[in-house]
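Notes follow once the structure below has been shown.
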4 protein chains.
Amino acid sequence: MRYHETPLQVRFHEVDTYGVVWHGHYIGWFEAGRNDLTERFHLGPLQLKERDLLAPVVELTCQFKLPATFGDSLIVQTTMERTEVAKLIFYYRVLQKENEKVLATGSTTHVLTDLNGTLLYRVPPEVLERIEAMRKYLEI
Amino acid sequence: MRYHETPLQVRFHEVDTYGVVWHGHYIGWFEAGRNDLTERFHLGPLQLKERDLLAPVVELTCQFKLPATFGDSLIVQTTMERTEVAKLIFYYRVLQKENEKVLATGSTTHVLTDLNGTLLYRVPPEVLERIEAMRKYLEI
Amino acid sequence: MRYHETPLQVRFHEVDTYGVVWHGHYIGWFEAGRNDLTERFHLGPLQLKERDLLAPVVELTCQFKLPATFGDSLIVQTTMERTEVAKLIFYYRVLQKENEKVLATGSTTHVLTDLNGTLLYRVPPEVLERIEAMRKYLEI
Amino acid sequence: MRYHETPLQVRFHEVDTYGVVWHGHYIGWFEAGRNDLTERFHLGPLQLKERDLLAPVVELTCQFKLPATFGDSLIVQTTMERTEVAKLIFYYRVLQKENEKVLATGSTTHVLTDLNGTLLYRVPPEVLERIEAMRKYLEI
């Protein structure tokens, strides 16, 4: 298994009154990492939409280990789990670029639906192929 | 001229590392005040959309006088200027509820367009009526 | 066990391109509910800070059931679990005010630390008393 | 006069229900551009803080020309005006990287204060030198 890496700079307004990044901002960073990965396999939000598909988040988890602060250069690492086809589970790690210390880990679980939000009972073959290519890249 | 008032609580994650509300969050508060006003006259974003209209912001200004911080109870005051019909200018004041001190003032300028973003050369009569009712309420 | 309730209005800029509230915003809503509860027992972020204490989030989970959209009136329900003293676990539910449908559930786990981030081995008696009073209110 | 350039990717959650970036997010982008510039001259927020100085925003303006959307690669251009010493005025342009179309322009006005928020009547010589170096770089 390998991680796809996305670089990130902490912005001033992401830091709270205690001088550390407010925990909710990690959710946006996970998403930035995930979209950076999925777009390479034509599975980004817009590319799914073109195929009349959505992949809403149904569950998220996040574990906070060490704080980040303004000016930090970070890396979001994204990978996924091999799951049944209409469900996608992504895993994340946020690291300090400088020393590779892990600041946070997390996951998001997505289901594939049509534009009305109805769960797909059958994923279109080209979408399956793209997911398979993404898995190959991630070595899972 | 009178102001429409919308109450507001400062949230923890709106406060920056200097212990004061980050200046960009006032833009969202102006919008909360504006939508609270316009919805009463069926001129909110969704109500305009139903009429195939949009009112995008084309200009904004904000003057910061005094800081707000976590836990503050604020009031957003919203009013507007009498302008030509396809253009709306709103004015805002953000006050401490407790002592009525003005923390910030600002303005947003909006144009009325169709769903393709083309400026309206003629505003539908019912929309004009609603704008007129809003002006009456604001005594302008 | 009972839930403390905090009302909430969905803001325009919280809604994403699919017309539903972006999932990351629920984290801020959970926090709004939690702070509304804890401040009543002098256990809010500022009140802890006065006692040289912090309560950082070490873990969060969120399950998304149904979407919220612009203009929705919501209720954040907050309660907590009875845990060992230097650790606090809060549970949340976000409901549509109108029909009480549950849109999302979640949890945050916090540890009590001093201002250097060192875990407390002993919680100050007055803080324990406040936590006990909060538990009584929540009937846990 | 020249502009300092900072690249930027539009994130999914910055796009609103109309499919375009919500106008308030430009304020954070201006700040990202400004900090990227000022840090090169040891005038970033943290570097000023080390000198017991703050540079709060007292005024901001923004003009919106064309929309940005999810996935767009943008450039924030930042420059400044030659002003009296205890006041800094920055100008911004946000461009599409691909075709250099200007999406928005804007400005922020900052005052230099001590940590209590009192306006400086005299700017420390090293800070003046750094500002002068930044002006030279910007050819103003």
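We label chains A, B, ... in the order they appear in the structure tokens, count residues from 1 in each chain, and number ligands from 1 in the order shown.
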After a least-squares superposition on chain C over all sequentially paired C-alpha atoms, what is chain B as a compact mmCIF listing (two decimals) with C-alpha atoms, in the first residue's frame?
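Output file out.txt is given in full below:
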```txt
# COMPACT_ATOMS: atom_id res chain seq x y z
CA MET B 1 -29.60 10.94 29.79
CA ARG B 2 -30.73 14.17 28.22
CA TYR B 3 -29.47 16.42 25.45
CA HIS B 4 -28.70 20.12 25.72
CA GLU B 5 -30.20 21.94 22.72
CA THR B 6 -28.70 24.79 20.70
CA PRO B 7 -30.60 26.35 17.76
CA LEU B 8 -28.78 27.05 14.50
CA GLN B 9 -29.54 28.58 11.08
CA VAL B 10 -27.75 27.22 8.01
CA ARG B 11 -25.85 30.05 6.31
CA PHE B 12 -25.59 30.52 2.56
CA HIS B 13 -21.82 30.00 2.41
CA GLU B 14 -22.05 26.69 4.28
CA VAL B 15 -23.83 25.10 1.30
CA ASP B 16 -21.69 23.49 -1.38
CA THR B 17 -22.02 23.13 -5.12
CA TYR B 18 -24.37 20.14 -4.69
CA GLY B 19 -26.87 22.30 -2.82
CA VAL B 20 -26.22 20.69 0.58
CA VAL B 21 -24.21 21.76 3.61
CA TRP B 22 -20.55 20.82 3.15
CA HIS B 23 -19.78 18.02 5.60
CA GLY B 24 -16.89 19.82 7.33
CA HIS B 25 -19.19 22.52 8.70
CA TYR B 26 -20.81 20.06 11.10
CA ILE B 27 -17.58 20.13 13.12
CA GLY B 28 -18.10 23.82 13.84
CA TRP B 29 -21.74 23.16 14.75
CA PHE B 30 -20.77 20.41 17.18
CA GLU B 31 -18.41 22.92 18.77
CA ALA B 32 -21.14 25.59 18.96
CA GLY B 33 -23.36 23.08 20.78
CA ARG B 34 -20.58 21.95 23.11
CA ASN B 35 -19.54 25.50 24.04
CA ASP B 36 -23.16 26.50 24.63
CA LEU B 37 -23.40 23.59 27.09
CA THR B 38 -20.02 23.86 28.82
CA GLU B 39 -20.19 27.63 29.32
CA ARG B 40 -23.26 27.17 31.50
CA PHE B 41 -21.06 25.18 33.86
CA HIS B 42 -18.03 27.48 33.65
CA LEU B 43 -16.23 24.88 31.56
CA GLY B 44 -16.06 26.81 28.27
CA PRO B 45 -12.70 27.37 26.53
CA LEU B 46 -12.14 30.80 28.13
CA GLN B 47 -13.26 29.66 31.56
CA LEU B 48 -10.86 26.70 31.45
CA LYS B 49 -8.08 29.01 30.23
CA GLU B 50 -8.59 31.19 33.32
CA ARG B 51 -7.79 28.07 35.35
CA ASP B 52 -4.71 27.39 33.16
CA LEU B 53 -6.45 24.45 31.53
CA LEU B 54 -7.06 23.39 27.93
CA ALA B 55 -9.38 20.69 26.60
CA PRO B 56 -8.08 19.92 23.08
CA VAL B 57 -9.96 17.54 20.79
CA VAL B 58 -8.01 14.31 20.36
CA GLU B 59 -10.59 12.41 18.33
CA LEU B 60 -13.73 13.16 16.38
CA THR B 61 -16.28 11.07 14.52
CA CYS B 62 -19.25 12.07 12.42
CA GLN B 63 -21.98 10.06 10.69
CA PHE B 64 -23.99 11.80 7.99
CA LYS B 65 -27.59 10.59 7.53
CA LEU B 66 -29.51 13.27 5.65
CA PRO B 67 -28.46 16.55 4.02
CA ALA B 68 -29.15 20.06 5.36
CA THR B 69 -29.50 23.04 3.06
CA PHE B 70 -29.60 26.85 3.05
CA GLY B 71 -32.23 28.36 5.29
CA ASP B 72 -32.82 25.22 7.36
CA SER B 73 -33.46 25.76 11.06
CA LEU B 74 -31.51 23.11 12.94
CA ILE B 75 -30.96 22.00 16.50
CA VAL B 76 -27.63 20.73 17.79
CA GLN B 77 -28.14 18.33 20.67
CA THR B 78 -25.14 17.77 22.95
CA THR B 79 -24.61 15.31 25.75
CA MET B 80 -21.64 13.48 27.23
CA GLU B 81 -20.46 10.13 28.50
CA ARG B 82 -19.35 9.42 32.06
CA THR B 83 -15.59 8.92 31.71
CA GLU B 84 -12.43 9.01 33.76
CA VAL B 85 -11.75 12.53 34.94
CA ALA B 86 -9.03 13.88 32.63
CA LYS B 87 -10.98 12.85 29.53
CA LEU B 88 -14.29 14.19 28.27
CA ILE B 89 -16.41 12.56 25.56
CA PHE B 90 -19.26 14.56 24.03
CA TYR B 91 -21.98 13.17 21.77
CA TYR B 92 -23.91 15.22 19.23
CA ARG B 93 -27.00 15.00 17.09
CA VAL B 94 -27.97 17.59 14.46
CA LEU B 95 -31.73 17.66 13.80
CA GLN B 96 -34.12 19.52 11.53
CA LYS B 97 -36.08 21.72 13.92
CA GLU B 98 -39.31 21.33 11.95
CA ASN B 99 -39.64 17.54 11.86
CA GLU B 100 -36.91 16.40 14.29
CA LYS B 101 -35.26 14.26 11.62
CA VAL B 102 -31.68 13.42 12.57
CA LEU B 103 -29.25 14.72 9.92
CA ALA B 104 -25.99 13.74 11.58
CA THR B 105 -24.54 12.26 14.73
CA GLY B 106 -21.03 12.48 16.07
CA SER B 107 -18.61 12.62 18.97
CA THR B 108 -15.53 14.48 20.15
CA THR B 109 -13.05 13.23 22.72
CA HIS B 110 -11.10 15.79 24.72
CA VAL B 111 -8.27 15.53 27.23
CA LEU B 112 -7.62 18.02 29.99
CA THR B 113 -4.12 19.49 29.87
CA ASP B 114 -2.21 22.39 31.36
CA LEU B 115 -1.25 25.34 29.12
CA ASN B 116 1.86 23.43 27.94
CA GLY B 117 -0.28 20.58 26.72
CA THR B 118 0.76 18.19 29.50
CA LEU B 119 -2.01 15.80 30.50
CA LEU B 120 -3.37 16.50 33.99
CA TYR B 121 -2.77 13.69 36.43
CA ARG B 122 -5.11 15.42 38.88
CA VAL B 123 -8.07 17.62 37.94
CA PRO B 124 -8.57 20.63 40.28
CA PRO B 125 -11.48 20.01 42.70
CA GLU B 126 -13.59 23.00 41.49
CA VAL B 127 -13.30 21.78 37.90
CA LEU B 128 -14.42 18.32 39.03
CA GLU B 129 -17.39 19.91 40.77
CA ARG B 130 -18.37 21.76 37.62
CA ILE B 131 -18.10 18.57 35.54
CA GLU B 132 -20.24 16.80 38.14
CA ALA B 133 -22.87 19.58 37.92
CA MET B 134 -22.89 19.28 34.12
CA ARG B 135 -23.35 15.51 34.38
CA LYS B 136 -26.24 16.00 36.78
CA TYR B 137 -27.90 18.41 34.32
CA LEU B 138 -27.41 15.86 31.53
CA GLU B 139 -28.72 13.07 33.79
CA ILE B 140 -25.74 10.80 33.29
```
Residues of segment 55-136 of chain A classed as alpha helix (DSSP H) by DSSP on the backbone are to be reported as an MDAnalysis selection string.
chainID A and resid 125:136
Write down as a ChimeraX atom specification the residues belonging to segment 9-63 of chain D that are assigned strand (DSSP E or B) by DSSP computed on the backbone.
/D:9,15,21,53-54,57-63
Would you mind exporting C-alpha atoms of the selected residues as an mmCIF file, in the first residue's frame?
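Result file follows (part34.cif):
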```cif
data_model
loop_
_atom_site.group_PDB
_atom_site.id
_atom_site.type_symbol
_atom_site.label_atom_id
_atom_site.label_comp_id
_atom_site.auth_asym_id
_atom_site.auth_seq_id
_atom_site.Cartn_x
_atom_site.Cartn_y
_atom_site.Cartn_z
ATOM 1 C CA GLN D 9 -5.891 25.900 -6.171
ATOM 2 C CA VAL D 15 -17.531 26.763 -4.108
ATOM 3 C CA VAL D 21 -16.349 30.453 -5.373
ATOM 4 C CA LEU D 53 4.186 44.595 16.562
ATOM 5 C CA LEU D 54 0.819 43.897 14.962
ATOM 6 C CA VAL D 57 -6.523 45.256 8.793
ATOM 7 C CA VAL D 58 -8.502 48.476 9.197
ATOM 8 C CA GLU D 59 -10.105 48.535 5.773
ATOM 9 C CA LEU D 60 -10.673 46.148 2.883
ATOM 10 C CA THR D 61 -12.197 46.458 -0.561
ATOM 11 C CA CYS D 62 -12.865 43.850 -3.215
ATOM 12 C CA GLN D 63 -14.202 44.070 -6.750
#
```
